[in-house]
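Remarks on the structure that follows.
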Amino acid sequence: MEDKNKKSPFVTKVELGIIAFAIILPFIFDSSPYFQGLLIFVLMWVILGTSWNLLAGYTGLVSFGHAAYFGIGAYAAALPYYHFHISPWWGLLTGGIVAVILGYLLGIVVFRLRGPYFALGTLASAEILRLIFGEEEWLTNGHNGILYMTTWVSKYPYYFIALILALGAIFSVKFVMRTKAGYYFLSIREDEDAAQALGINTKKYKNISTVISTFWAGMAGAFYMIYMGFIDPEVVFALHNISIITILVGIIGGVGTIWGPAVGAVVMVLVQELFRSSIFGLAPSWVSGMHAFVFGLLVIFVILYMAGGILGDWDLIKKKLKFSRKVETSK
Amino acid sequence: MSILSLDKLTKNFGGLMAVDHVSFDVNEGEIFGLIGPNGSGKTTIFNLINHYYTATDGKIIFKGQDITNKKTFEIARLGIGRTFQVVKPLRRLSVEENVMAAAFARESTFAGARKVASEMIDFCNLTNVSNMKAGGLPIGGRKRLEIARALATRPSLILLDETAAGLNPSELDEAIDIIKGIRDKLGITIIIVEHIMKVIMNISDRIHAIAFGATITEGPPAEVAKHPTVIEAYLGSDYKMEGQNYA
């Protein structure tokens, strides 16, 4: 914004550094598939969080049902395998597309709703899908889920596929937010009535935002199926473990910031694993049940004291740190 | 030449006739005032023109085209801009971004939108706050931002809804200059709703007065101001008697 007619470069030096670091990272943990696995989960949450953030953070459509798109993406990879022995790897092509179609169909219903009603509508749609996929055993094998022998034991290929998807999600959002569509998303978020009076076809642009968002959520779901080798409706359509955690990843990192969900994903997986492993076995075992509780506290703290999230309120955080340092030195 | 015509435009909310067979023609290049007491239906007429509300009956013709059933965003694209009485800034965006979002209605490139935005920001004397978040602007600035944003969509007709309400005297003079400039410098036709008589009497070419949703009279400002029914509508029937005595 400093130079009048020049935009900042599409990929900044800091971002190049992050990408380079992300490429080196799995090799640092070469001896620990456990840590590599955690990194893969971080990347998966980056994809989901970024997907949610475009819709909720930038377009103001706060989805409480991102599990719907994640789950349908996972089943898009799993069902052809279950019925016809078609490789789930095709899911990396179809998962996103099927999720987009679902997003469009659900949009016909939920876009008639605004604010909290939209949130409830999306929540309900994911729950409906969870129940359908659980009950219709002829189609989905119900609660028994679908099992697939994963292709590789090594984590490396999965890590780099997830990294490509995560970067694809982040930079597609970054790209679109620098275009006219990006300005329109923000206008819709701030005031839908005003946006219409400015000549913005709000329905069309909500759909565009949904297409991009649901595509990446579906891709994350397809990737999950390929990587984990097992899905069932309670896992991939989960309200708490998918839909809600997706929102929290977005909120902690910074709603409406490009890299916020990435930061949120790191924090979320760190907290989850620290507590799930009872702080690497150093704490008593009951601590392991605390991860959801601690993460909840963290979310409350973020909402109360830095509503913009870690990245959104970064300037504020820096200022606070500087201020407290100054106070110390003045004493 | 008429740019906008309302033909027996009617809107009722349940049993309430909010707009009752109102007809008027606005000529190109004109500043057309719309006055009436609180609740007489002025803002409802605006909301019908840009189709926030669907008319119960009647027609709205813009540049020879029937726009009664067009969508809000289509009407904006055809060239009718509007401001809101209760301002609707895009709070978390800067002033510049607010106006740029509007400029994209006609411009497809970032640079083009930015150029149009900076012109309109300059036109509305907002240049020194263009990087400020719109939510942080004082009311005078927000009112001018409403105008800048509506102008950035490059309208040929602009609907100004109480853009002068709540301004202090010096801001008021500034607002009058800006409004006059919209017509004189940018060549945009204006329909203005305003309670402040200093503004409306000063700048309107013609005034259309309504009460309880129905037309009372229409004509040059001086005539409308003396019209007994207008005086009655604003001040009650006691004053009508006096008005007649003094006349």
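Please note that chains go A, B, ... in the order of the structure tokens, that every chain numbers its residues from 1, and that ligands are numbered from 1 in the order shown.
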request  = May I have the residues of chain A within 6 Å of chain B, counting only C-alpha atoms, written as a ChimeraX atom specification?
outcome  = /A:183,190,196-201
task = Among the residues of stretch 36-235 of chain B, find those DSSP assigns to alpha helix (DSSP H) from the backbone and print them as JSON, numbers by chain.
result = {"B": [42, 43, 44, 45, 46, 47, 48, 49, 72, 73, 74, 75, 76, 77, 78, 95, 96, 97, 98, 99, 100, 101, 102, 103, 110, 111, 112, 113, 114, 115, 116, 117, 118, 119, 120, 121, 122, 123, 139, 140, 141, 142, 143, 144, 145, 146, 147, 148, 149, 150, 151, 152, 169, 170, 171, 172, 173, 174, 175, 176, 177, 178, 179, 180, 181, 182, 183, 184, 197, 198, 199, 200, 201, 202, 203, 221, 222, 223, 224, 225, 226, 228, 229, 230, 231, 232, 233, 234, 235]}
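We find atom CA of A:Val62 and atom CA of A:Val98 to be spaced 21.0 Å apart.
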task = Find the spatial neighbours of A:His143, counting only C-alpha atoms, within a cut-off of 6 Å - ignore same-chain residues fewer than 2 positions away - and output them as a ChimeraX atom specification.
result = /A:134,145,232
inquiry  = Using DSSP assignments from the backbone, pull out every residue in stretch 53-238 of chain B that falls under strand (DSSP E) and give it to me as number ranges by chain.
reply    = B: 57-62, 65-66, 80-82, 157-161, 189-193, 206-211, 214-219
Please, could you write that set of residues out with C-alpha atoms as an mmCIF file, in the first residue's frame?
data_model
loop_
_atom_site.group_PDB
_atom_site.id
_atom_site.type_symbol
_atom_site.label_atom_id
_atom_site.label_comp_id
_atom_site.auth_asym_id
_atom_site.auth_seq_id
_atom_site.Cartn_x
_atom_site.Cartn_y
_atom_site.Cartn_z
ATOM 1 C CA ASP B 57 -48.281 -1.606 -7.600
ATOM 2 C CA GLY B 58 -47.082 0.959 -10.130
ATOM 3 C CA LYS B 59 -44.009 1.311 -12.278
ATOM 4 C CA ILE B 60 -40.527 2.779 -12.093
ATOM 5 C CA ILE B 61 -39.053 3.820 -15.449
ATOM 6 C CA PHE B 62 -35.333 4.670 -15.648
ATOM 7 C CA GLN B 65 -36.554 1.064 -19.190
ATOM 8 C CA ASP B 66 -38.949 -0.517 -16.710
ATOM 9 C CA ILE B 80 -28.641 4.551 -9.967
ATOM 10 C CA GLY B 81 -26.428 5.145 -6.957
ATOM 11 C CA ARG B 82 -27.729 5.748 -3.459
ATOM 12 C CA LEU B 157 -28.715 9.357 -11.077
ATOM 13 C CA ILE B 158 -27.942 9.477 -7.370
ATOM 14 C CA LEU B 159 -30.391 9.183 -4.489
ATOM 15 C CA LEU B 160 -29.207 11.102 -1.431
ATOM 16 C CA ASP B 161 -31.009 10.119 1.756
ATOM 17 C CA THR B 189 -28.930 14.001 -11.668
ATOM 18 C CA ILE B 190 -29.879 14.069 -7.985
ATOM 19 C CA ILE B 191 -32.949 13.121 -5.975
ATOM 20 C CA ILE B 192 -32.483 14.325 -2.432
ATOM 21 C CA VAL B 193 -34.410 13.614 0.746
ATOM 22 C CA ARG B 206 -38.057 21.371 -7.863
ATOM 23 C CA ILE B 207 -39.551 19.850 -4.755
ATOM 24 C CA HIS B 208 -42.066 17.071 -4.408
ATOM 25 C CA ALA B 209 -43.875 17.033 -1.056
ATOM 26 C CA ILE B 210 -45.573 13.981 0.389
ATOM 27 C CA ALA B 211 -47.472 13.184 3.595
ATOM 28 C CA ALA B 214 -49.369 10.485 -0.853
ATOM 29 C CA THR B 215 -48.366 13.472 -2.943
ATOM 30 C CA ILE B 216 -49.337 16.909 -1.604
ATOM 31 C CA THR B 217 -47.790 19.162 -4.185
ATOM 32 C CA GLU B 218 -44.853 19.638 -6.501
ATOM 33 C CA GLY B 219 -43.103 22.758 -7.741
#
task = Excluding stretch 170-173 of chain A and any residue of its chain fewer than 4 positions from it, enumerate the residues within 10 Å of it, using only C-alpha atoms, and give them as an MDAnalysis selection string.
result = chainID A and resid 10:11 46:47 49:51 53:54 58 164:166 177:178 182 209 212:213 216 257:262
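Using only C-alpha atoms, the smallest distance between any of B:Pro228, B:Gly41, B:Gly29, B:Gly14 and B:Ser204 comes from B:Gly29.
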key: Given only C-alpha atoms as the counted atoms, nearest of A:His85, A:His240, A:Lys318, A:His66 to A:Gly103   = A:His66
request  = Give me the residues within 6 Å of B:Val26 as a ChimeraX atom specification, counting only C-alpha atoms and dropping any in the same chain fewer than 4 places off.
outcome  = /B:2-4
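Each of A:Ser63, A:Thr151, A:Thr214, A:Thr202 was checked against A:Leu239 using only C-alpha atoms; the smallest atom-to-atom distance is that of A:Ser63.
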key: Shell around B:Asp173 at 10 Å using only C-alpha atoms, local window under 6 positions removed, as a PyMOL selection string   = chain B and resi 164+167+179+198-199
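We find atom CA of B:Glu171 and atom CA of B:Gly39 to be spaced 25.8 Å apart.
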